[in-house]
Amino acid sequence: MLAELESWSPHVFGALGSELRPFDLARLGASMARALGKDGSIDMLRVSAQSGRALIRERFRGFEVDHLWSPWLLHAGLSPDHATGGLMLPIMAFTMHAAGLPVVTGGADNFVTAFARVLSERGVTVILGESVRNIEIRSGRAVAVHLAGERLSATRAVIASAATPRLYETLLDAAVVPSAGKRAADRHRPGRAAMQLHFALDRPVRWSDSRLDDVPLVHIGSGASSTGVACAQAESGLLPANPTIVVGQQCVLDPSRAPAGKATLWVQLQELPCAPEGDAAGSISTDGTWSTGTTSAYVDRVLDSIERYAPGLRSTVLDSYSIPPTALTAANANAVGGDPYGGAAEIDQSLLWRPGTGTGHRTGIDGLFHIGAFTHPGPGLGGGSGHLVAQQLLAPSRRSRSMDRVRSSLEKFRSTK
Ligand SMILES: Cc1cc2nc3c(=O)[nH]c(=O)nc-3n(C[C@H](O)[C@H](O)[C@H](O)COP(=O)(O)OP(=O)(O)OC[C@H]3O[C@@H](n4cnc5c(N)ncnc54)[C@H](O)[C@@H]3O)c2cc1C
């Protein structure tokens with residue numbers, strides 16, 4: 001499977017790393033047809049349209065691969081039954097075999113600090129805690145952004161990493177929004193919500209199967225069966241009865257996270273409704289919000305599930321901190337409805353259908369670009385959309401290319417005299 005992906009990788013990563021305008025699509029299609037031929041191209045497109053569950057059923061016997069890999073689809077915002085999972089699973093397997101899953105020493109905050117230092121070394125000013133209220137457009141061009149009491153003018157461009165509806169419905173005045181922008185805002189559909197839990201433990205987790213004690217990331221679930229049902233319940237507005245639980249034991253790799261003998265535990269839940277209307281198990285009362293009662297009852301369900309595989313866990317919890325979907329949105333306006341991935345990841349909201357203006361990362365307004373998880377190639381920490389826009393901004397303009405040509409012709413003419 002990985003060898004097959006290797007032969008597909010120029011086309012897969014080519015699509016993820018290009019703007020997908022008609023010209024890009026023609027170029028990508030031609031290079032795929034040349035390299036893979038008709039049958040090979042059809043095979044690749046078939047797997048790209050396949051769900052993760054279908055790929056695993058087709059290629060593996062037994063439950064092991066299903067249990068190992070199906071939960072990873074959640075990290076791509078998919079469910080086991082969503083199209084594109086068939087391609088996403090080998091991509092994830094390939095990435096994890098080739099690069100692993102990096103864990104930042106001392107906690108993810110150090111990652112942000114490192115980026116802040118790189119930016120500061122390059123003379124970038126970062127303003128924290130201020131919200132952009134409006135993007136100023138003059139004569140059809142983005143010329144400034146407005147904070148509460150300050151106007152920051154743009155010399156070259158404004159690059160917005162904002163939720164699609166927020167960009168076109170709030171940050172821009174209605175009169176300047178192109179119809180493609182209005183359509184993008186209408187078409188945006190949030191994905192499932194997520195919740196993050198952090199625990200301080202009196203001792204590291206002791207799993208019934210001690211081989212798990214040293215595994216940095218454990219998924220609790222029964223493969224595509226339980227994950228598929230939990231996703232369907234969340235997408236129907238219900239709290240899942242048997243959630244898939246992502247358990248991170250970062251202390252295994254980074255002992256600096258906790259004092260000697262103690263441990264931290266990090267739990268991620270990616271099958272949640274934005275507004276819980278009911279409980280699939282019928283035991284938690286809900287009122288359509290992530291109230292303190294609903295949140296703590298659901299955290300109890302999660303801890304009970306982990307406890308089944310790690311008896312005694314509860315008695316080791318010294319402190320805990322929960323970030324339910326509403327808190328995620330309060331912390332980051334881009335987490336619309338508690339969705340961590342900038343919109344649903346299903347095929348109708350991905351690739352050239354990721355709601356936008358259909359012109360790459362251009363917005364239809366001169367000098368205004370849209371990047372981030374809401375745009376192609378979607379969520380994640382790869383920085384793909386920003387890179388695409390940076391390449392466009394750094395590429396010499398047509399005018400300066402013509403000037404260069406004139407200059408070099410003049411030089412040639414002078415040197416032959
Ligand atoms: C709990 C969690 C775990 C995740 N784990 C992973 C992982 O392991 N691997 C992975 O690849 N991805 C992971 N993701 C997804 C990943 O974090 C996102 O896809 C990625 O951060 C998106 O980057 P972005 O630049 O589009 O937006 P963000 O990182 O959300 O940054 C946008 C920033 O813009 C700010 N902003 C928005 N509107 C305004 C405004 N009007 N004015 C000023 N500022 C504004 C927001 O506050 C935010 O700081 C995770 C997400 C969550 C929530």
# chains A, B, ... in the order shown; residues from 1 in each chain; ligands from 1
call {"tool": "residues_near_ligand", "arguments": {"ligand": "ligand 1", "cutoff": "6 Å", "atoms": "only C-alpha atoms and all ligand atoms", "output": "list of chain:residue names"}}
result
A:Glu130, A:Ser131, A:Val132, A:Arg133, A:Ser161, A:Ala162, A:Gln196, A:Asn332, A:Ala333, A:Asn334, A:Pro340, A:Tyr341, A:Gly372, A:Ala373, A:Pro379, A:Gly380, A:Leu381
call {"tool": "select_by_dssp", "arguments": {"residues": "stretch 70-296 of chain A", "states": "strand (DSSP E or B)", "output": "PyMOL selection string"}}
result
chain A and resi 83+134-138+141-146+151-153+158-160+193-201+217-220+238-239+245-248+263-272+278-279
call {"tool": "closest_residue", "arguments": {"among": "A:Thr264, A:Ser350, A:Ser120, A:Ser402", "to": "A:Tyr321", "atoms": "only C-alpha atoms"}}
result
A:Thr264
call {"tool": "closest_atom_pairs", "arguments": {"of": "stretch 179-200 of chain A", "to": "stretch 287-303 of chain A", "cutoff": "12 Å", "atoms": "only C-alpha atoms", "output": "Markdown table"}}
result
| residue | atom | partner | partner_atom | distance |
| --- | --- | --- | --- | --- |
| A:Ala193 | CA | A:Trp290 | CA | 11.1 |
| A:Ala194 | CA | A:Trp290 | CA | 11.5 |
| A:Met195 | CA | A:Thr295 | CA | 9.4 |
| A:Gln196 | CA | A:Val299 | CA | 10.0 |
| A:Leu197 | CA | A:Val299 | CA | 8.2 |
| A:His198 | CA | A:Val299 | CA | 10.9 |
| A:Phe199 | CA | A:Leu303 | CA | 10.7 |
call {"tool": "residues_around", "arguments": {"residues": "stretch 167-173 of chain A", "least_positions_apart": "5", "cutoff": "8 Å", "atoms": "only C-alpha atoms", "output": "PyMOL selection string"}}
result
chain A and resi 132-136+160+162+181-182+185
call {"tool": "write_last_selection", "arguments": {"atoms": "N, CA and C atoms", "output": "PDB file, in the first residue's frame"}}
result
ATOM      1  N   VAL A 132      -9.058  42.005  14.726  1.00  0.00           N
ATOM      2  CA  VAL A 132      -9.262  42.830  13.529  1.00  0.00           C
ATOM      3  C   VAL A 132     -10.767  43.006  13.363  1.00  0.00           C
ATOM      4  N   ARG A 133     -11.207  44.287  13.261  1.00  0.00           N
ATOM      5  CA  ARG A 133     -12.651  44.553  13.147  1.00  0.00           C
ATOM      6  C   ARG A 133     -13.088  44.683  11.696  1.00  0.00           C
ATOM      7  N   ASN A 134     -12.173  45.230  10.882  1.00  0.00           N
ATOM      8  CA  ASN A 134     -12.579  45.549   9.509  1.00  0.00           C
ATOM      9  C   ASN A 134     -11.356  45.568   8.603  1.00  0.00           C
ATOM     10  N   ILE A 135     -11.557  45.141   7.353  1.00  0.00           N
ATOM     11  CA  ILE A 135     -10.497  45.260   6.356  1.00  0.00           C
ATOM     12  C   ILE A 135     -10.919  46.400   5.433  1.00  0.00           C
ATOM     13  N   GLU A 136     -10.068  47.411   5.343  1.00  0.00           N
ATOM     14  CA  GLU A 136     -10.440  48.613   4.569  1.00  0.00           C
ATOM     15  C   GLU A 136     -10.117  48.396   3.091  1.00  0.00           C
ATOM     16  N   ALA A 160      -5.581  37.274   5.178  1.00  0.00           N
ATOM     17  CA  ALA A 160      -6.515  36.983   6.270  1.00  0.00           C
ATOM     18  C   ALA A 160      -6.556  35.488   6.533  1.00  0.00           C
ATOM     19  N   ALA A 162      -8.837  33.849   8.501  1.00  0.00           N
ATOM     20  CA  ALA A 162     -10.079  33.988   9.272  1.00  0.00           C
ATOM     21  C   ALA A 162     -11.106  32.982   8.758  1.00  0.00           C
ATOM     22  N   GLY A 181     -17.573  35.447  -3.002  1.00  0.00           N
ATOM     23  CA  GLY A 181     -17.287  35.471  -1.562  1.00  0.00           C
ATOM     24  C   GLY A 181     -18.554  35.201  -0.762  1.00  0.00           C
ATOM     25  N   LYS A 182     -19.674  35.817  -1.207  1.00  0.00           N
ATOM     26  CA  LYS A 182     -20.960  35.588  -0.516  1.00  0.00           C
ATOM     27  C   LYS A 182     -21.324  34.112  -0.596  1.00  0.00           C
ATOM     28  N   ALA A 185     -19.242  31.978   1.809  1.00  0.00           N
ATOM     29  CA  ALA A 185     -19.707  32.071   3.197  1.00  0.00           C
ATOM     30  C   ALA A 185     -20.966  31.225   3.393  1.00  0.00           C
TER      31      ALA A 185
END
call {"tool": "residues_around", "arguments": {"residues": "stretch 206-211 of chain A", "least_positions_apart": "2", "cutoff": "8 Å", "atoms": "only C-alpha atoms", "output": "list in words"}}
result
Pro204, Asp213, Asp214, Val215, Tyr309, Ala310, Pro311 and Leu313 of chain A
call {"tool": "closest_atom_pairs", "arguments": {"of": "stretch 1-119 of chain A", "to": "stretch 353-369 of chain A", "cutoff": "8 Å", "atoms": "only C-alpha atoms", "output": "CSV"}}
result
residue,atom,partner,partner_atom,distance
A:Glu19,CA,A:Gly360,CA,4.7
A:Leu20,CA,A:Gly360,CA,6.6
A:Arg21,CA,A:Thr359,CA,6.1
call {"tool": "write_last_selection", "arguments": {"atoms": "C-alpha atoms", "output": "short mmCIF file (atom, residue, chain, number, x, y, z; two decimals), in the first residue's frame"}}
result
data_model
loop_
_atom_site.label_atom_id
_atom_site.label_comp_id
_atom_site.auth_asym_id
_atom_site.auth_seq_id
_atom_site.Cartn_x
_atom_site.Cartn_y
_atom_site.Cartn_z
CA GLU A 19 -3.98 26.35 -6.22
CA LEU A 20 -6.32 24.00 -8.17
CA ARG A 21 -7.36 26.66 -10.69
#
